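Asker: Sharing my_file.cif, mmCIF, C-alpha atoms:
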data_upload
loop_
_atom_site.label_atom_id
_atom_site.label_comp_id
_atom_site.auth_asym_id
_atom_site.auth_seq_id
_atom_site.Cartn_x
_atom_site.Cartn_y
_atom_site.Cartn_z
CA MET C 1 0.00 0.00 0.00
CA LYS C 2 1.16 3.51 -0.72
CA LEU C 3 1.71 5.64 2.39
CA THR C 4 1.89 9.42 2.12
CA ALA C 5 3.52 11.24 5.02
CA VAL C 6 2.29 14.85 5.18
CA ILE C 7 4.83 17.10 6.90
CA PRO C 8 3.80 20.75 7.51
CA CYS C 9 6.90 22.96 7.74
CA TYR C 10 7.41 26.54 8.83
CA ASN C 11 11.02 27.69 9.35
CA GLU C 12 12.25 24.15 10.02
CA GLU C 13 15.65 24.32 8.31
CA ALA C 14 17.42 23.16 11.49
CA ALA C 15 15.30 20.01 11.84
CA LEU C 16 14.70 18.81 8.28
CA HIS C 17 17.88 16.76 7.81
CA PHE C 18 17.37 15.05 11.19
CA PHE C 19 13.78 14.25 10.25
CA TYR C 20 14.68 12.90 6.81
CA GLU C 21 17.41 10.63 8.16
CA LYS C 22 15.05 9.23 10.79
CA MET C 23 12.38 8.66 8.16
CA ARG C 24 14.90 6.83 5.95
CA GLU C 25 15.56 4.41 8.79
CA VAL C 26 11.86 3.79 9.31
CA MET C 27 11.22 3.37 5.58
CA GLN C 28 13.92 0.69 5.44
CA GLU C 29 12.17 -1.08 8.33
CA MET C 30 8.87 -0.98 6.40
CA PRO C 31 9.64 -2.43 2.92
CA TYR C 32 6.01 -3.55 2.67
CA ALA C 33 4.88 0.10 2.32
CA GLU C 34 5.51 2.41 -0.62
CA PHE C 35 6.38 5.76 0.94
CA GLU C 36 5.82 9.29 -0.29
CA LEU C 37 7.14 12.20 1.77
CA LEU C 38 4.98 15.24 1.10
CA PHE C 39 6.45 18.40 2.64
CA ILE C 40 4.15 21.43 2.89
CA ASP C 41 6.20 24.62 3.10
CA ASP C 42 3.97 27.12 4.89
CA GLY C 43 5.65 30.25 3.56
CA SER C 44 8.91 29.73 5.45
CA LYS C 45 11.33 32.65 5.65
CA ASP C 46 14.49 30.58 6.10
CA ARG C 47 16.06 27.86 3.90
CA THR C 48 13.31 25.32 4.52
CA LEU C 49 12.16 25.23 0.88
CA ASP C 50 15.74 25.06 -0.44
CA ILE C 51 16.48 22.06 1.77
CA ILE C 52 13.27 20.34 0.69
CA LYS C 53 14.24 20.85 -2.96
CA GLU C 54 17.66 19.34 -2.26
CA LEU C 55 16.00 16.30 -0.70
CA ALA C 56 13.59 16.03 -3.64
CA ALA C 57 16.49 16.12 -6.13
CA ALA C 58 18.19 13.24 -4.31
CA ASP C 59 15.10 11.17 -3.51
CA GLU C 60 12.15 10.83 -5.90
CA ARG C 61 9.90 9.90 -2.97
CA VAL C 62 10.11 13.51 -1.71
CA LYS C 63 7.36 15.80 -2.94
CA TYR C 64 6.55 19.32 -1.85
CA VAL C 65 3.94 22.06 -2.03
CA SER C 66 5.12 25.57 -1.20
CA PHE C 67 2.62 28.27 -0.24
CA SER C 68 2.74 31.78 -1.64
CA ARG C 69 2.80 33.05 1.97
CA ASN C 70 2.22 31.79 5.51
CA PHE C 71 -1.34 30.44 5.78
CA GLY C 72 -0.93 28.52 9.06
CA LYS C 73 -0.61 24.88 10.03
CA GLU C 74 -4.30 24.11 9.52
CA ALA C 75 -4.06 25.19 5.89
CA ALA C 76 -0.87 23.13 5.52
CA ILE C 77 -2.63 20.04 6.86
CA TYR C 78 -5.50 20.53 4.42
CA ALA C 79 -3.10 21.01 1.51
CA GLY C 80 -1.30 17.82 2.48
CA LEU C 81 -4.52 15.83 2.61
CA GLU C 82 -5.68 17.31 -0.70
CA ASN C 83 -2.42 16.42 -2.49
CA SER C 84 -1.93 13.04 -0.83
CA ARG C 85 -1.93 10.19 -3.32
CA GLY C 86 -1.48 7.34 -0.86
CA ASP C 87 -3.90 4.63 0.21
CA LEU C 88 -2.92 5.72 3.70
CA THR C 89 -1.98 9.21 4.88
CA VAL C 90 -0.13 10.17 8.04
CA ILE C 91 0.31 13.71 9.38
CA MET C 92 3.49 14.39 11.34
CA ASP C 93 5.68 17.31 12.41
CA ALA C 94 9.21 17.81 11.12
CA ASP C 95 10.69 18.49 14.57
CA LEU C 96 10.55 14.77 15.54
CA GLN C 97 8.11 15.44 18.39
CA ASP C 98 5.96 12.92 16.52
CA PRO C 99 8.15 9.78 16.78
CA PRO C 100 8.51 8.07 13.36
CA SER C 101 9.18 4.84 15.27
CA LEU C 102 5.42 4.58 15.86
CA LEU C 103 4.66 4.31 12.14
CA PRO C 104 4.89 0.48 11.92
CA GLU C 105 2.42 0.07 14.78
CA MET C 106 0.10 2.66 13.28
CA TYR C 107 0.31 0.90 9.91
CA ARG C 108 -0.65 -2.45 11.44
CA ALA C 109 -3.59 -0.88 13.28
CA VAL C 110 -5.08 0.45 10.04
CA THR C 111 -4.20 -2.38 7.64
CA GLU C 112 -4.55 -5.45 9.88
CA GLU C 113 -6.68 -4.58 12.91
CA GLY C 114 -9.56 -2.96 11.04
CA TYR C 115 -9.22 0.60 12.31
CA ASP C 116 -9.84 3.58 10.04
CA SER C 117 -7.17 5.66 11.76
CA ALA C 118 -4.40 5.35 14.31
CA ALA C 119 -3.98 8.47 16.45
CA THR C 120 -1.45 9.43 19.11
CA ARG C 121 -1.60 11.21 22.43
CA ARG C 122 1.06 12.32 24.89
CA VAL C 123 0.77 10.82 28.36
CA ASN C 124 2.70 13.72 29.87
CA ARG C 125 3.88 17.23 29.01
CA LYS C 126 7.43 16.94 30.24
CA GLY C 127 9.51 19.91 29.12
CA GLU C 128 6.55 22.29 28.71
CA PRO C 129 6.05 25.36 30.94
CA PRO C 130 3.68 24.45 33.82
CA ILE C 131 1.26 27.29 33.04
CA ARG C 132 0.98 26.19 29.42
CA SER C 133 0.34 22.58 30.46
CA PHE C 134 -2.30 23.66 33.00
CA PHE C 135 -4.30 25.69 30.49
CA ALA C 136 -3.96 22.96 27.84
CA ARG C 137 -5.57 20.41 30.16
CA ARG C 138 -8.34 22.86 31.06
CA PHE C 139 -8.98 23.47 27.36
CA TYR C 140 -9.41 19.77 26.54
CA ARG C 141 -11.73 19.32 29.50
CA LEU C 142 -13.79 22.34 28.50
CA MET C 143 -14.03 21.26 24.84
CA ASN C 144 -15.30 17.80 25.76
CA ARG C 145 -18.00 19.33 27.95
CA ILE C 146 -19.33 21.90 25.51
CA SER C 147 -18.72 20.15 22.19
CA LYS C 148 -20.04 16.96 20.60
CA ALA C 149 -16.68 16.31 18.91
CA GLU C 150 -14.43 13.98 20.90
CA ILE C 151 -11.06 15.61 21.61
CA VAL C 152 -8.71 13.45 23.66
CA ASP C 153 -6.47 15.15 26.21
CA GLY C 154 -2.91 15.26 24.90
CA ALA C 155 -3.97 14.38 21.35
CA ARG C 156 -1.48 15.20 18.61
CA ASP C 157 -2.07 15.85 14.92
CA PHE C 158 0.16 12.80 14.41
CA ARG C 159 -2.40 10.43 12.90
CA MET C 160 -2.53 7.76 10.17
CA MET C 161 -5.77 7.53 8.19
CA ASN C 162 -7.20 5.40 5.40
CA ARG C 163 -8.58 6.92 2.23
CA ALA C 164 -12.20 6.99 3.49
CA PHE C 165 -11.13 9.02 6.54
CA VAL C 166 -9.12 11.46 4.40
CA ASN C 167 -11.96 11.92 1.93
CA ALA C 168 -14.36 12.69 4.78
CA LEU C 169 -12.02 15.44 6.01
CA LEU C 170 -11.69 16.88 2.51
CA GLU C 171 -15.47 17.13 2.26
CA MET C 172 -15.33 19.81 4.96
CA LYS C 173 -13.93 22.81 3.12
CA GLU C 174 -14.46 25.35 5.88
CA TYR C 175 -11.97 28.21 5.97
CA ASN C 176 -11.66 28.31 9.77
CA ARG C 177 -10.29 24.86 10.48
CA PHE C 178 -9.59 23.09 13.76
CA SER C 179 -8.25 19.67 12.82
CA LYS C 180 -8.36 18.11 16.28
CA GLY C 181 -12.09 18.76 16.34
CA LEU C 182 -12.59 17.65 12.73
CA PHE C 183 -10.88 14.33 13.44
CA GLY C 184 -13.37 13.61 16.20
CA TRP C 185 -16.37 14.99 14.32
CA VAL C 186 -16.09 12.69 11.28
CA GLY C 187 -16.13 9.63 13.54
CA PHE C 188 -14.74 6.32 12.20
CA ARG C 189 -12.90 3.74 14.28
CA THR C 190 -9.71 5.10 15.82
CA LYS C 191 -7.00 3.34 17.79
CA TRP C 192 -5.13 5.55 20.27
CA LEU C 193 -1.41 5.07 20.83
CA GLU C 194 0.28 6.67 23.83
CA PHE C 195 3.85 7.92 24.03
CA GLU C 196 6.07 10.00 26.29
CA ASN C 197 6.52 13.63 25.33
CA VAL C 198 9.53 14.22 23.08
CA GLU C 199 11.32 17.55 22.87
CA ARG C 200 12.17 19.18 19.54
CA VAL C 201 15.28 17.82 17.86
CA ALA C 202 16.29 21.33 16.72
CA GLY C 203 14.91 24.83 16.30
CA GLU C 204 12.27 26.60 18.36
CA THR C 205 8.54 26.12 18.70
CA LYS C 206 6.35 28.40 16.59
CA TRP C 207 3.48 28.19 19.08
CA SER C 208 3.60 30.91 21.72
CA PHE C 209 1.11 30.98 24.60
CA TRP C 210 -0.83 33.77 22.86
CA LYS C 211 -1.06 31.83 19.58
CA LEU C 212 -2.26 28.75 21.43
CA PHE C 213 -4.85 30.86 23.25
CA LEU C 214 -6.22 32.24 19.97
CA TYR C 215 -6.16 28.74 18.49
CA SER C 216 -8.20 27.44 21.43
CA ILE C 217 -10.79 30.18 20.85
CA ASP C 218 -11.02 29.09 17.21
CA GLY C 219 -11.68 25.55 18.37
CA ILE C 220 -14.40 26.58 20.82
CA VAL C 221 -16.16 28.80 18.27
CA ALA C 222 -15.87 26.15 15.54
CA PHE C 223 -17.38 23.27 17.53
CA SER C 224 -19.72 24.75 20.11
CA THR C 225 -22.49 27.33 20.39
CA ILE C 226 -22.45 27.17 24.20
CA PRO C 227 -20.77 30.63 24.48
CA LEU C 228 -23.79 32.15 22.72
CA SER C 229 -26.10 30.49 25.21
CA LEU C 230 -23.83 31.66 28.02
CA SER C 231 -24.10 35.29 26.90
CA ALA C 232 -27.91 35.00 26.78
CA PHE C 233 -27.93 33.43 30.26
CA LEU C 234 -25.74 36.21 31.66
CA GLY C 235 -28.06 38.81 30.17
CA ILE C 236 -31.14 37.23 31.79
CA LEU C 237 -29.33 36.80 35.10
CA MET C 238 -28.22 40.43 35.22
CA CYS C 239 -31.77 41.59 34.41
CA LEU C 240 -33.12 39.54 37.34
CA ILE C 241 -30.44 40.88 39.68
CA ALA C 242 -31.16 44.46 38.55
CA ALA C 243 -34.92 43.97 39.10
CA ALA C 244 -34.34 42.55 42.58
CA ALA C 245 -32.00 45.44 43.43
CA ILE C 246 -34.59 47.99 42.33
CA VAL C 247 -37.26 46.38 44.52
CA PHE C 248 -34.84 46.28 47.46
CA ILE C 249 -33.88 49.96 47.10
CA VAL C 250 -37.50 51.09 46.79
CA VAL C 251 -38.60 49.11 49.86
CA ARG C 252 -35.64 50.35 51.91
CA GLN C 253 -36.31 53.95 50.86
CA ILE C 254 -39.97 53.65 51.95
CA LEU C 255 -39.11 52.07 55.31
CA TYR C 256 -36.00 54.01 56.32
CA GLY C 257 -35.70 56.97 53.97
CA GLY C 258 -32.50 58.51 52.65
CA SER C 259 -31.11 55.16 51.54
CA ALA C 260 -30.99 55.77 47.80
CA PHE C 261 -27.75 57.78 47.89
CA GLY C 262 -24.28 56.47 47.08
CA TRP C 263 -23.10 57.38 43.58
CA PRO C 264 -19.72 55.51 43.92
CA SER C 265 -21.49 52.18 44.31
CA MET C 266 -23.76 53.10 41.39
CA VAL C 267 -20.73 53.80 39.19
CA CYS C 268 -19.27 50.38 40.10
CA ILE C 269 -22.54 48.68 39.21
CA VAL C 270 -22.77 50.50 35.87
CA MET C 271 -19.19 49.58 34.99
CA PHE C 272 -19.81 45.96 35.96
CA LEU C 273 -22.93 45.75 33.80
CA GLY C 274 -21.08 47.48 30.97
CA GLY C 275 -18.33 44.87 31.21
CA ILE C 276 -20.87 42.05 31.01
CA GLN C 277 -22.42 43.64 27.93
CA LEU C 278 -19.08 44.07 26.17
CA PHE C 279 -18.16 40.47 27.02
CA CYS C 280 -21.37 39.20 25.42
CA ILE C 281 -20.90 41.45 22.39
CA GLY C 282 -17.39 40.04 22.05
CA ILE C 283 -18.76 36.50 21.95
CA LEU C 284 -21.27 37.47 19.29
CA GLY C 285 -18.51 39.24 17.37
CA SER C 286 -16.34 36.11 17.33
CA TYR C 287 -19.09 34.05 15.72
CA LEU C 288 -19.96 36.84 13.30
CA ALA C 289 -16.31 37.21 12.27
CA LYS C 290 -16.02 33.48 11.54
CA THR C 291 -19.20 33.60 9.51
CA TYR C 292 -17.88 36.63 7.60
CA LEU C 293 -14.68 34.78 6.67
CA GLU C 294 -16.60 31.68 5.58
CA VAL C 295 -18.98 33.68 3.38
CA LYS C 296 -16.05 35.19 1.45
CA LYS C 297 -15.20 31.70 0.08
CA ARG C 298 -11.51 32.51 -0.12
CA PRO C 299 -9.15 29.57 -0.85
CA ILE C 300 -7.71 27.84 2.19
CA TYR C 301 -4.22 28.18 0.70
CA ILE C 302 -2.47 29.36 -2.45
CA CYS C 303 0.24 27.16 -3.97
CA GLY C 304 3.38 29.06 -4.95
CA GLU C 305 5.23 26.09 -6.44
CA THR C 306 5.25 22.31 -6.31
CA ASN C 307 6.99 19.31 -7.87
CA ILE C 308 3.87 17.15 -7.81
CA GLY C 309 2.99 16.04 -11.32
CA LYS C 310 6.34 17.03 -12.81
CA GLU C 311 7.28 13.40 -13.42
CA GLN C 312 4.13 12.94 -15.53
CA GLU C 313 4.93 16.11 -17.50
CA THR C 314 8.47 14.88 -18.12
CA ALA C 315 7.19 11.51 -19.30
CA GLN C 316 4.73 13.19 -21.68
CA GLU C 317 7.50 15.38 -23.11
CA GLN C 318 9.67 12.32 -23.71
CA ARG C 319 6.82 10.51 -25.43
CA GLY C 320 6.09 13.60 -27.50
#
Any chance you could put this one into structure tokens?

Answerer:
Amino acid sequence: MKLTAVIPCYNEEAALHFFYEKMREVMQEMPYAEFELLFIDDGSKDRTLDIIKELAAADERVKYVSFSRNFGKEAAIYAGLENSRGDLTVIMDADLQDPPSLLPEMYRAVTEEGYDSAATRRVNRKGEPPIRSFFARRFYRLMNRISKAEIVDGARDFRMMNRAFVNALLEMKEYNRFSKGLFGWVGFRTKWLEFENVERVAGETKWSFWKLFLYSIDGIVAFSTIPLSLSAFLGILMCLIAAAAIVFIVVRQILYGGSAFGWPSMVCIVMFLGGIQLFCIGILGSYLAKTYLEVKKRPIYICGETNIGKEQETAQEQRG
């Protein structure tokens, strides 16, 4: 069976040679699979694309798609799935945090054990900042409570899928993508493999805490409408509290007199209510913004250059 490895890359010049050498070892251990290494250059600003071209010149199994600019990892994953020609497709990072040594086990799970996909999850977050790990765990717990899509704590994008699974993902052409949620939403039978966290082999992570925070908001907005219900609930609750406060002030004024003064407390209450209103408007704005981007129907990515299909063009020229 043909196996396409999709490798999203953004400024990974320091890690690419390490990754390729490790993949060569694994490919030699798996002679029963026909490999294709599909690198997706996400508008890198270093020598990532040059190195990929060097690898492609030396190894015909190396293919690449280079974006016209940086579109983000989600777009790179979609481009990899769209250009994958394998019976099986696996998504993995170039920094070796997704251990290639798991590929044989993943292959057996899909081809012999009847699973549609083999996914991976980290059993710990060794090496990550404690604050980042804390919020990551809270995010997974929150997503599983407010969303119908199953998102396993510690899940990686490192996943091997059969053609039916890949085709199901390609059917969803939404611009605002959250792959971890999409994997769970499409269903299918999935086998989970656990592994210890592995640090990057070289280079630095491209995911800052702020980027991860924004990414988590994208996931919540994409797979749950609970925040909209929450804003409506807060509005009703504040109306009830305000009504009760009015009744209390009127009764106290009638009974004791002179109790309706106190502009500082009134200012605090107004500011508090204003904050609640802005919070709810912000939630509505997030959903409206996502809808606005979807309605535009812009392409998920733009291909700057690729070597996919060049062998067919060369063959046609020779025949001509």

Asker: As an exercise, work out the distance from CA of Glu34 in chain C to CA of Ile308 in chain C in Å and give it to one decimal place.

Answerer: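 Those two atoms sit 16.5 Å apart.
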
Asker: Have a look at C:Gln97, C:Thr291, C:Asn162, C:Asn176 and name the one nearest to Tyr115 in chain C; count only C-alpha atoms.

Answerer: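 With only C-alpha atoms as the atom set, the closest residue is C:Asn162.
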
Asker: So the first atom is CA of Phe183 in chain C and the second is CA of Arg138 in chain C; what is the distance between them in Å, to one decimal place?

Answerer: 19.7 Å

Asker: Between CA of Glu25 in chain C and CA of Leu38 in chain C, measure the distance and give it in Å to one decimal.

Answerer: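 Going from CA of Glu25 in chain C over to CA of Leu38 in chain C covers 17.0 Å.
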
Asker: Which residues would end up in the selection if the PyMOL selection byres ((chain C and resi 87-93) around 8) were applied here, given that I need the answer as a list in words?

Answerer: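 Selected by the PyMOL selection byres ((chain C and resi 87-93) around 8) in this file: Met1, Lys2, Leu3, Thr4, Ala5, Val6, Ile7, Pro8, Cys9, Ile77, Leu81, Ser84, Arg85, Gly86, Ala94, Asp95, Leu96, Gln97, Asp98, Asp157, Phe158, Arg159, Met160, Met161, Asn162, Arg163 and Val166 of chain C.
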
Asker: Write out as a ChimeraX atom specification which residues come within 12 Å of Leu293 in chain C when counting only C-alpha atoms, dropping same-chain ones fewer than 6 positions away.

Answerer: /C:174-177,286-287,299-300

Asker: Quick one: apply the PyMOL selection byres ((chain C and resi 182) around 12) to the file and drop the selected residues here as a PyMOL selection string.

Answerer: chain C and resi 74+77-78+147-151+157+165-166+168-174+176-181+183-188+219+222-223
